[in-house]
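What follows is the content of input.pdb, which has PDB, C-alpha atoms:
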```
ATOM      1  CA  MET R 517     -47.546 -30.119  64.471
ATOM      2  CA  GLU R 518     -47.018 -33.401  62.658
ATOM      3  CA  SER R 519     -47.315 -31.656  59.305
ATOM      4  CA  GLN R 520     -44.638 -29.152  60.307
ATOM      5  CA  ASN R 521     -42.315 -31.953  61.424
ATOM      6  CA  GLN R 522     -42.738 -33.641  58.048
ATOM      7  CA  SER R 523     -41.894 -30.536  56.041
ATOM      8  CA  LYS R 524     -38.505 -29.686  57.489
ATOM      9  CA  VAL R 525     -36.330 -30.829  54.539
ATOM     10  CA  THR R 526     -35.602 -27.691  52.501
ATOM     11  CA  GLU R 527     -32.560 -28.929  50.571
ATOM     12  CA  PHE R 528     -31.046 -32.175  49.387
ATOM     13  CA  GLN R 529     -27.418 -33.272  49.359
ATOM     14  CA  LEU R 530     -26.361 -35.229  46.284
ATOM     15  CA  LEU R 531     -23.805 -37.888  47.204
ATOM     16  CA  GLY R 532     -22.845 -38.708  43.613
ATOM     17  CA  PHE R 533     -20.033 -41.266  43.300
ATOM     18  CA  GLN R 534     -18.910 -40.935  46.928
ATOM     19  CA  ASN R 535     -17.824 -44.587  46.978
ATOM     20  CA  LEU R 536     -15.120 -43.758  44.396
ATOM     21  CA  LEU R 537     -13.320 -40.977  46.242
ATOM     22  CA  GLY R 538      -9.933 -41.928  44.800
ATOM     23  CA  TRP R 539     -11.288 -41.657  41.258
ATOM     24  CA  GLN R 540     -12.983 -38.255  41.467
ATOM     25  CA  SER R 541     -10.429 -36.402  39.308
ATOM     26  CA  LEU R 542     -10.416 -39.082  36.609
ATOM     27  CA  LEU R 543     -14.221 -39.277  36.549
ATOM     28  CA  PHE R 544     -14.421 -35.481  36.340
ATOM     29  CA  ALA R 545     -12.089 -35.462  33.305
ATOM     30  CA  ILE R 546     -14.003 -38.291  31.582
ATOM     31  CA  PHE R 547     -17.459 -36.816  32.123
ATOM     32  CA  LEU R 548     -16.278 -33.320  31.190
ATOM     33  CA  CYS R 549     -14.821 -34.683  27.939
ATOM     34  CA  PHE R 550     -18.043 -36.578  27.187
ATOM     35  CA  TYR R 551     -20.150 -33.507  27.922
ATOM     36  CA  LEU R 552     -18.076 -31.171  25.737
ATOM     37  CA  LEU R 553     -18.084 -33.684  22.872
ATOM     38  CA  THR R 554     -21.856 -34.125  23.203
ATOM     39  CA  VAL R 555     -22.546 -30.388  23.125
ATOM     40  CA  ALA R 556     -20.046 -29.774  20.300
ATOM     41  CA  GLY R 557     -21.272 -32.708  18.194
ATOM     42  CA  ASN R 558     -24.934 -31.809  18.482
ATOM     43  CA  THR R 559     -24.215 -28.115  17.891
ATOM     44  CA  VAL R 560     -22.383 -29.030  14.675
ATOM     45  CA  ILE R 561     -25.404 -31.034  13.508
ATOM     46  CA  ILE R 562     -27.753 -28.099  14.130
ATOM     47  CA  ALA R 563     -25.412 -25.683  12.332
ATOM     48  CA  VAL R 564     -24.759 -27.925   9.318
ATOM     49  CA  VAL R 565     -28.441 -28.771   8.776
ATOM     50  CA  SER R 566     -29.284 -25.064   8.986
ATOM     51  CA  GLU R 567     -26.519 -24.100   6.516
ATOM     52  CA  ASP R 568     -26.964 -26.737   3.797
ATOM     53  CA  ALA R 569     -30.146 -26.519   1.722
ATOM     54  CA  ARG R 570     -29.767 -30.169   0.648
ATOM     55  CA  LEU R 571     -30.384 -31.276   4.233
ATOM     56  CA  ARG R 572     -33.866 -29.773   4.478
ATOM     57  CA  SER R 573     -35.635 -33.155   4.352
ATOM     58  CA  PRO R 574     -37.850 -34.436   7.222
ATOM     59  CA  MET R 575     -35.096 -36.824   8.364
ATOM     60  CA  TYR R 576     -32.719 -33.935   9.050
ATOM     61  CA  THR R 577     -35.470 -31.834  10.603
ATOM     62  CA  PHE R 578     -36.019 -34.614  13.140
ATOM     63  CA  LEU R 579     -32.247 -34.939  13.618
ATOM     64  CA  GLN R 580     -31.900 -31.214  14.221
ATOM     65  CA  HIS R 581     -34.587 -31.289  16.906
ATOM     66  CA  LEU R 582     -33.033 -34.399  18.475
ATOM     67  CA  SER R 583     -29.654 -32.665  18.620
ATOM     68  CA  PHE R 584     -31.157 -29.556  20.201
ATOM     69  CA  LEU R 585     -32.929 -31.795  22.710
ATOM     70  CA  GLU R 586     -29.789 -33.780  23.552
ATOM     71  CA  ILE R 587     -27.857 -30.620  24.432
ATOM     72  CA  TRP R 588     -30.462 -29.616  27.009
ATOM     73  CA  TYR R 589     -31.141 -33.171  28.164
ATOM     74  CA  THR R 590     -27.527 -33.888  29.062
ATOM     75  CA  SER R 591     -27.139 -30.341  30.459
ATOM     76  CA  THR R 592     -29.903 -31.104  32.960
ATOM     77  CA  THR R 593     -27.727 -33.628  34.807
ATOM     78  CA  VAL R 594     -24.059 -33.610  33.735
ATOM     79  CA  PRO R 595     -23.025 -30.084  34.921
ATOM     80  CA  LEU R 596     -24.392 -30.948  38.363
ATOM     81  CA  LEU R 597     -22.498 -34.249  38.244
ATOM     82  CA  LEU R 598     -19.294 -32.339  37.399
ATOM     83  CA  ALA R 599     -19.904 -29.877  40.238
ATOM     84  CA  ASN R 600     -20.395 -32.820  42.600
ATOM     85  CA  LEU R 601     -17.133 -34.430  41.500
ATOM     86  CA  ALA R 602     -15.289 -31.111  41.904
ATOM     87  CA  SER R 603     -16.696 -30.464  45.391
ATOM     88  CA  TRP R 604     -18.073 -33.534  47.119
ATOM     89  CA  GLY R 605     -21.588 -33.388  48.562
ATOM     90  CA  HIS R 606     -23.258 -30.762  46.341
ATOM     91  CA  THR R 607     -26.560 -29.450  47.734
ATOM     92  CA  LEU R 608     -29.756 -28.436  45.939
ATOM     93  CA  SER R 609     -32.737 -26.574  47.335
ATOM     94  CA  PHE R 610     -36.062 -28.398  47.269
ATOM     95  CA  PRO R 611     -37.485 -26.213  44.418
ATOM     96  CA  ALA R 612     -34.270 -26.624  42.395
ATOM     97  CA  CYS R 613     -34.434 -30.395  42.853
ATOM     98  CA  MET R 614     -38.059 -30.474  41.662
ATOM     99  CA  ALA R 615     -37.166 -28.252  38.689
ATOM    100  CA  GLN R 616     -34.341 -30.584  37.689
ATOM    101  CA  LEU R 617     -36.670 -33.575  38.009
ATOM    102  CA  TYR R 618     -39.273 -31.887  35.795
ATOM    103  CA  PHE R 619     -36.839 -30.980  33.012
ATOM    104  CA  PHE R 620     -35.218 -34.424  33.162
ATOM    105  CA  VAL R 621     -38.591 -36.154  32.656
ATOM    106  CA  PHE R 622     -39.676 -33.573  30.066
ATOM    107  CA  PHE R 623     -36.573 -33.961  27.890
ATOM    108  CA  GLY R 624     -36.423 -37.742  28.390
ATOM    109  CA  ALA R 625     -40.051 -38.232  27.340
ATOM    110  CA  THR R 626     -39.659 -35.879  24.365
ATOM    111  CA  GLU R 627     -36.663 -37.925  23.192
ATOM    112  CA  CYS R 628     -38.800 -41.085  23.291
ATOM    113  CA  PHE R 629     -41.445 -39.462  21.086
ATOM    114  CA  LEU R 630     -38.841 -38.048  18.685
ATOM    115  CA  LEU R 631     -37.059 -41.405  18.339
ATOM    116  CA  ALA R 632     -40.395 -43.079  17.531
ATOM    117  CA  ALA R 633     -41.157 -40.366  14.955
ATOM    118  CA  MET R 634     -37.692 -40.751  13.394
ATOM    119  CA  ALA R 635     -38.134 -44.517  13.139
ATOM    120  CA  TYR R 636     -41.526 -43.973  11.464
ATOM    121  CA  ASP R 637     -39.903 -41.522   9.039
ATOM    122  CA  ARG R 638     -37.272 -44.114   8.069
ATOM    123  CA  TYR R 639     -39.995 -46.766   7.718
ATOM    124  CA  LEU R 640     -41.884 -44.569   5.232
ATOM    125  CA  ALA R 641     -38.700 -43.659   3.329
ATOM    126  CA  ILE R 642     -37.593 -47.297   2.912
ATOM    127  CA  CYS R 643     -40.877 -49.203   2.773
ATOM    128  CA  SER R 644     -43.087 -46.638   0.966
ATOM    129  CA  PRO R 645     -40.701 -44.491  -1.080
ATOM    130  CA  LEU R 646     -43.326 -43.620  -3.730
ATOM    131  CA  HIS R 647     -45.711 -42.180  -1.124
ATOM    132  CA  TYR R 648     -43.039 -40.749   1.173
ATOM    133  CA  SER R 649     -43.292 -37.127   0.013
ATOM    134  CA  VAL R 650     -47.050 -37.172   0.636
ATOM    135  CA  LEU R 651     -47.090 -39.116   3.914
ATOM    136  CA  MET R 652     -44.137 -37.201   5.367
ATOM    137  CA  SER R 653     -44.865 -33.757   3.966
ATOM    138  CA  PRO R 654     -43.338 -30.707   5.677
ATOM    139  CA  ASP R 655     -46.656 -30.093   7.458
ATOM    140  CA  ASN R 656     -46.846 -33.689   8.732
ATOM    141  CA  CYS R 657     -43.222 -33.546   9.826
ATOM    142  CA  ALA R 658     -43.827 -30.299  11.705
ATOM    143  CA  ALA R 659     -46.928 -31.815  13.318
ATOM    144  CA  LEU R 660     -44.969 -34.847  14.580
ATOM    145  CA  VAL R 661     -42.222 -32.621  15.977
ATOM    146  CA  THR R 662     -44.751 -30.340  17.684
ATOM    147  CA  VAL R 663     -46.663 -33.282  19.191
ATOM    148  CA  SER R 664     -43.381 -34.734  20.506
ATOM    149  CA  TRP R 665     -42.421 -31.514  22.285
ATOM    150  CA  VAL R 666     -45.904 -30.688  23.609
ATOM    151  CA  THR R 667     -46.463 -34.231  24.888
ATOM    152  CA  GLY R 668     -43.059 -34.148  26.556
ATOM    153  CA  VAL R 669     -43.939 -30.886  28.308
ATOM    154  CA  GLY R 670     -47.116 -32.471  29.687
ATOM    155  CA  THR R 671     -45.407 -35.730  30.671
ATOM    156  CA  GLY R 672     -42.970 -33.934  32.963
ATOM    157  CA  PHE R 673     -45.688 -32.435  35.168
ATOM    158  CA  LEU R 674     -47.167 -35.579  36.757
ATOM    159  CA  PRO R 675     -43.984 -37.116  38.305
ATOM    160  CA  SER R 676     -42.569 -33.787  39.532
ATOM    161  CA  LEU R 677     -45.949 -32.721  40.971
ATOM    162  CA  MET R 678     -46.511 -36.031  42.779
ATOM    163  CA  ILE R 679     -42.962 -36.097  44.181
ATOM    164  CA  SER R 680     -43.278 -32.480  45.375
ATOM    165  CA  LYS R 681     -46.403 -33.437  47.359
ATOM    166  CA  LEU R 682     -44.568 -36.147  49.336
ATOM    167  CA  ASP R 683     -43.305 -35.539  52.867
ATOM    168  CA  PHE R 684     -39.549 -35.482  53.440
ATOM    169  CA  CYS R 685     -38.631 -35.579  57.118
ATOM    170  CA  GLY R 686     -34.947 -36.437  56.767
ATOM    171  CA  PRO R 687     -32.352 -37.646  56.040
ATOM    172  CA  ASN R 688     -31.833 -35.386  53.037
ATOM    173  CA  ARG R 689     -28.955 -37.250  51.355
ATOM    174  CA  ILE R 690     -29.770 -38.483  47.840
ATOM    175  CA  ASN R 691     -27.481 -41.371  46.930
ATOM    176  CA  HIS R 692     -27.376 -40.353  43.264
ATOM    177  CA  PHE R 693     -25.802 -37.679  41.056
ATOM    178  CA  PHE R 694     -29.111 -35.933  40.254
ATOM    179  CA  CYS R 695     -32.661 -35.690  41.601
ATOM    180  CA  ASP R 696     -34.106 -38.879  40.149
ATOM    181  CA  LEU R 697     -37.417 -40.557  40.939
ATOM    182  CA  PRO R 698     -36.327 -43.793  42.729
ATOM    183  CA  PRO R 699     -33.933 -42.219  45.282
ATOM    184  CA  LEU R 700     -36.385 -39.403  46.031
ATOM    185  CA  MET R 701     -39.199 -41.865  46.730
ATOM    186  CA  GLN R 702     -36.875 -43.860  48.985
ATOM    187  CA  LEU R 703     -36.202 -40.722  51.061
ATOM    188  CA  SER R 704     -39.866 -39.872  51.583
ATOM    189  CA  CYS R 705     -41.364 -40.557  55.004
ATOM    190  CA  SER R 706     -44.920 -40.769  53.626
ATOM    191  CA  SER R 707     -46.569 -43.555  51.649
ATOM    192  CA  VAL R 708     -45.291 -43.638  48.068
ATOM    193  CA  TYR R 709     -47.499 -46.476  46.773
ATOM    194  CA  VAL R 710     -49.829 -44.242  44.739
ATOM    195  CA  THR R 711     -46.910 -42.187  43.408
ATOM    196  CA  GLU R 712     -44.955 -45.308  42.511
ATOM    197  CA  MET R 713     -47.912 -46.872  40.693
ATOM    198  CA  ALA R 714     -48.673 -43.635  38.806
ATOM    199  CA  ILE R 715     -45.045 -43.319  37.666
ATOM    200  CA  PHE R 716     -45.023 -47.010  36.736
ATOM    201  CA  VAL R 717     -48.120 -46.596  34.527
ATOM    202  CA  LEU R 718     -46.721 -43.401  32.985
ATOM    203  CA  SER R 719     -43.403 -45.137  32.275
ATOM    204  CA  ILE R 720     -45.186 -47.997  30.508
ATOM    205  CA  ALA R 721     -47.262 -45.533  28.485
ATOM    206  CA  VAL R 722     -44.233 -43.509  27.373
ATOM    207  CA  LEU R 723     -41.255 -45.874  27.341
ATOM    208  CA  CYS R 724     -42.764 -49.210  26.395
ATOM    209  CA  ILE R 725     -45.236 -47.919  23.802
ATOM    210  CA  CYS R 726     -42.640 -45.673  22.123
ATOM    211  CA  PHE R 727     -40.104 -48.511  22.160
ATOM    212  CA  LEU R 728     -42.585 -50.964  20.630
ATOM    213  CA  LEU R 729     -43.554 -48.463  17.912
ATOM    214  CA  THR R 730     -39.864 -47.853  17.174
ATOM    215  CA  LEU R 731     -39.142 -51.574  17.144
ATOM    216  CA  MET R 732     -42.085 -52.271  14.811
ATOM    217  CA  SER R 733     -40.797 -49.656  12.371
ATOM    218  CA  TYR R 734     -37.368 -51.315  12.305
ATOM    219  CA  VAL R 735     -38.900 -54.792  11.885
ATOM    220  CA  PHE R 736     -40.688 -53.591   8.741
ATOM    221  CA  ILE R 737     -37.502 -51.835   7.606
ATOM    222  CA  VAL R 738     -35.442 -55.025   8.023
ATOM    223  CA  SER R 739     -38.021 -57.101   6.144
ATOM    224  CA  SER R 740     -37.886 -54.556   3.328
ATOM    225  CA  ILE R 741     -34.066 -54.568   3.303
ATOM    226  CA  LEU R 742     -34.028 -58.346   2.915
ATOM    227  CA  ARG R 743     -35.787 -57.908  -0.425
ATOM    228  CA  ILE R 744     -33.013 -55.671  -1.792
ATOM    229  CA  PRO R 745     -31.336 -57.685  -4.589
ATOM    230  CA  SER R 746     -27.901 -56.107  -4.177
ATOM    231  CA  THR R 747     -25.779 -57.684  -1.424
ATOM    232  CA  SER R 748     -23.732 -54.517  -0.949
ATOM    233  CA  GLY R 749     -26.929 -52.463  -0.713
ATOM    234  CA  ARG R 750     -28.321 -54.794   1.939
ATOM    235  CA  LEU R 751     -25.125 -54.674   3.973
ATOM    236  CA  LYS R 752     -24.892 -50.872   3.809
ATOM    237  CA  THR R 753     -28.515 -50.362   4.881
ATOM    238  CA  PHE R 754     -28.237 -53.047   7.564
ATOM    239  CA  SER R 755     -25.138 -51.332   8.947
ATOM    240  CA  THR R 756     -26.908 -47.973   9.239
ATOM    241  CA  CYS R 757     -30.159 -49.356  10.674
ATOM    242  CA  GLY R 758     -28.261 -51.684  13.018
ATOM    243  CA  SER R 759     -26.355 -48.725  14.482
ATOM    244  CA  HIS R 760     -29.582 -46.749  14.948
ATOM    245  CA  LEU R 761     -31.296 -49.708  16.589
ATOM    246  CA  ALA R 762     -28.320 -50.336  18.905
ATOM    247  CA  VAL R 763     -28.435 -46.772  20.288
ATOM    248  CA  VAL R 764     -32.234 -46.886  20.605
ATOM    249  CA  THR R 765     -32.037 -50.219  22.451
ATOM    250  CA  ILE R 766     -29.406 -48.908  24.883
ATOM    251  CA  TYR R 767     -31.522 -45.825  25.625
ATOM    252  CA  TYR R 768     -34.857 -47.598  26.012
ATOM    253  CA  GLY R 769     -33.365 -50.669  27.704
ATOM    254  CA  THR R 770     -31.680 -48.707  30.480
ATOM    255  CA  MET R 771     -34.666 -46.384  30.953
ATOM    256  CA  ILE R 772     -37.138 -49.285  31.138
ATOM    257  CA  SER R 773     -34.937 -51.186  33.593
ATOM    258  CA  MET R 774     -34.880 -48.084  35.808
ATOM    259  CA  TYR R 775     -38.519 -46.976  35.777
ATOM    260  CA  VAL R 776     -40.703 -49.907  34.696
ATOM    261  CA  ARG R 777     -40.128 -51.999  37.814
ATOM    262  CA  PRO R 778     -42.535 -51.232  40.687
ATOM    263  CA  ASN R 779     -41.418 -52.335  44.166
ATOM    264  CA  ALA R 780     -38.102 -53.562  42.738
ATOM    265  CA  HIS R 781     -35.230 -51.516  44.160
ATOM    266  CA  LEU R 782     -31.774 -52.006  42.699
ATOM    267  CA  SER R 783     -28.740 -50.930  44.685
ATOM    268  CA  PRO R 784     -27.901 -47.189  44.491
ATOM    269  CA  GLU R 785     -24.603 -47.937  42.752
ATOM    270  CA  THR R 786     -26.362 -50.008  40.074
ATOM    271  CA  ASN R 787     -28.887 -47.191  39.584
ATOM    272  CA  LYS R 788     -26.049 -44.715  39.003
ATOM    273  CA  VAL R 789     -24.345 -46.902  36.410
ATOM    274  CA  ILE R 790     -27.638 -47.427  34.547
ATOM    275  CA  SER R 791     -28.345 -43.679  34.694
ATOM    276  CA  VAL R 792     -24.965 -42.860  33.146
ATOM    277  CA  PHE R 793     -25.999 -44.739  29.994
ATOM    278  CA  TYR R 794     -29.102 -42.666  29.249
ATOM    279  CA  THR R 795     -27.840 -39.317  30.594
ATOM    280  CA  VAL R 796     -24.255 -39.367  29.269
ATOM    281  CA  ILE R 797     -23.598 -42.192  26.782
ATOM    282  CA  THR R 798     -26.600 -42.039  24.413
ATOM    283  CA  PRO R 799     -26.503 -38.217  24.013
ATOM    284  CA  LEU R 800     -22.861 -38.673  22.951
ATOM    285  CA  LEU R 801     -23.586 -41.580  20.595
ATOM    286  CA  ASN R 802     -26.543 -39.995  18.798
ATOM    287  CA  PRO R 803     -24.548 -37.411  16.793
ATOM    288  CA  VAL R 804     -22.009 -40.099  15.861
ATOM    289  CA  ILE R 805     -24.583 -42.666  14.739
ATOM    290  CA  TYR R 806     -27.104 -40.371  13.057
ATOM    291  CA  SER R 807     -24.707 -37.995  11.297
ATOM    292  CA  LEU R 808     -21.064 -39.046  11.072
ATOM    293  CA  ARG R 809     -22.100 -42.344   9.445
ATOM    294  CA  ASN R 810     -24.274 -40.431   6.961
ATOM    295  CA  LYS R 811     -22.737 -39.781   3.553
ATOM    296  CA  ASP R 812     -24.848 -36.697   2.733
ATOM    297  CA  PHE R 813     -24.126 -35.122   6.100
ATOM    298  CA  LYS R 814     -20.369 -35.698   5.816
ATOM    299  CA  GLU R 815     -20.389 -34.192   2.340
ATOM    300  CA  ALA R 816     -22.258 -31.147   3.664
ATOM    301  CA  VAL R 817     -19.643 -30.732   6.418
ATOM    302  CA  ARG R 818     -16.815 -30.881   3.850
ATOM    303  CA  LYS R 819     -18.595 -28.351   1.643
ATOM    304  CA  ILE R 820     -19.099 -25.888   4.515
ATOM    305  CA  MET R 821     -15.499 -26.309   5.677
ATOM    306  CA  ARG R 822     -14.180 -25.675   2.152
ATOM    307  CA  LEU R 823     -16.396 -22.613   1.889
ATOM    308  CA  LYS R 824     -15.361 -21.224   5.262
ATOM    309  CA  CYS R 825     -11.679 -21.927   4.601
ATOM    310  CA  GLY R 826     -11.964 -20.248   1.185
ATOM    311  CA  VAL R 827     -13.523 -17.136   2.723
ATOM    312  CA  TYR R 828     -10.834 -17.068   5.429
ATOM    313  CA  ARG R 829      -8.006 -17.406   2.878
ATOM    314  CA  ALA R 830      -9.561 -14.646   0.750
ATOM    315  CA  LYS R 831      -9.712 -12.347   3.774
ATOM    316  CA  VAL R 832      -6.097 -13.107   4.702
ATOM    317  CA  LYS R 833      -4.940 -12.601   1.127
ATOM    318  CA  GLY R 834      -6.895  -9.341   0.856
ATOM    319  CA  GLY R 835      -5.393  -8.126   4.103
ATOM    320  CA  VAL R 836      -1.869  -8.877   2.909
ATOM    321  CA  LEU R 837      -2.404  -7.122  -0.440
ATOM    322  CA  SER R 838      -3.876  -4.048   1.231
ATOM    323  CA  GLN R 839      -0.696  -3.689   3.261
TER
END
```

The structure given in the file should be rewritten as structure tokens.
Amino acid sequence: MESQNQSKVTEFQLLGFQNLLGWQSLLFAIFLCFYLLTVAGNTVIIAVVSEDARLRSPMYTFLQHLSFLEIWYTSTTVPLLLANLASWGHTLSFPACMAQLYFFVFFGATECFLLAAMAYDRYLAICSPLHYSVLMSPDNCAALVTVSWVTGVGTGFLPSLMISKLDFCGPNRINHFFCDLPPLMQLSCSSVYVTEMAIFVLSIAVLCICFLLTLMSYVFIVSSILRIPSTSGRLKTFSTCGSHLAVVTIYYGTMISMYVRPNAHLSPETNKVISVFYTVITPLLNPVIYSLRNKDFKEAVRKIMRLKCGVYRAKVKGGVLSQ
């Protein structure tokens, strides 16, 4: 009988930003704009890298996978956030909530592994340029990408499985805009100590180790840049690497502050603000930082646009002459 009483929650209600009722329309417009720009920007990256043969290097292969990942990562949470802002108090069934949690962890962990692999790629390109083609061969690049995705798939199972095994007796209101780990554990009426410790250890293994590996790569890159004799060359490389490191720090910093803190519960409103950074802001910044500041990528975009415009003008001209 007790087990039946503890299994009565079949759906969850997402409260979202219910404390900002007067700002719902403005927030909807802002987040919709961010989401459309994120999807459009990352789609452009995928298309351009696929079209231009000069962008077939490992760096752009990683970037293409990161862009594909970002589209799905932000789509895991933002459409639900928009639906919540459009109609307050959106509900999710228990299986749907667990599915969202799984894909959120899966894509988030995969991004950590890809960012570490991209930093390693840049380290080899800058610090070992003579051995780069051997160390980062197409096969090695494909192996790193495959390991990132496969490890991400496996990482998502443990948190979602452990959360699904908890008892939820009510209330069923999640004070967040998606099914995240901290608010779900706070709603459980069973002991969450083991689950919390397991997620804490997993977060350290994924977030902290990937962040340290990424940081080490950039430390070696910076030390190598300092040996560049040209001042303009140093400034240009510093500018690019500094932008990359800033985005990486925002992503890892907010994720670590959210998940690597056992028994430390921030306020729900603070959790939401932190979550916005790694679910909305960094997926928007990545295409800007990794592509629009890249000379080769911008040249490829111009080339494709000139080609497409030329084909369009030829079709229009041919249509006019045929008349």

Checklist entry - Which polymer residues have any atom within 6 Å of an atom of R:Thr590, counting only C-alpha atoms, with same-chain residues fewer than 4 positions away left out, as a PyMOL selection string? => result chain R and resi 586+594+795

For the interface of stretch 715-774 of chain R with stretch 634-639 of chain R (cut-off 10 Å, counting all atoms listed in the file), please tabulate each contacting residue of stretch 715-774 of chain R alongside its nearest pair of atoms and their separation in Å to one decimal, rows sorted by chain and increasing number, as CSV.
```
residue,atom,partner,partner_atom,distance
R:Leu729,CA,R:Tyr636,CA,8.1
R:Thr730,CA,R:Ala635,CA,5.5
R:Leu731,CA,R:Ala635,CA,8.2
R:Met732,CA,R:Ala635,CA,8.9
R:Ser733,CA,R:Tyr639,CA,5.5
R:Tyr734,CA,R:Ala635,CA,6.9
R:Val735,CA,R:Tyr639,CA,9.1
R:Phe736,CA,R:Tyr639,CA,6.9
R:Ile737,CA,R:Tyr639,CA,5.6
R:Val738,CA,R:Tyr639,CA,9.4
R:Ser740,CA,R:Tyr639,CA,9.2
R:Cys757,CA,R:Arg638,CA,9.2
R:His760,CA,R:Ala635,CA,9.0
R:Leu761,CA,R:Ala635,CA,9.3
R:Val764,CA,R:Ala635,CA,9.8
```

Next on the checklist: Given the PyMOL selection byres ((chain R and resi 726) around 12) and the file above, list the residues it selects as number ranges by chain.
Outcome noted: R: 624-636, 664, 718-725, 727-733, 764-765, 767-769, 771-772

Checklist entry - Do you know which residues are at most 6 Å from stretch 558-565 of chain R counting only C-alpha atoms, after dropping those on the same chain fewer than 6 positions away, and could you put them as a ChimeraX atom specification? => result /R:571,580,583,803

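Residue nearest R:Leu548, chosen from R:Val708, R:Thr577, R:Phe584, R:Leu598 and counting all atoms listed in the file: R:Leu598.
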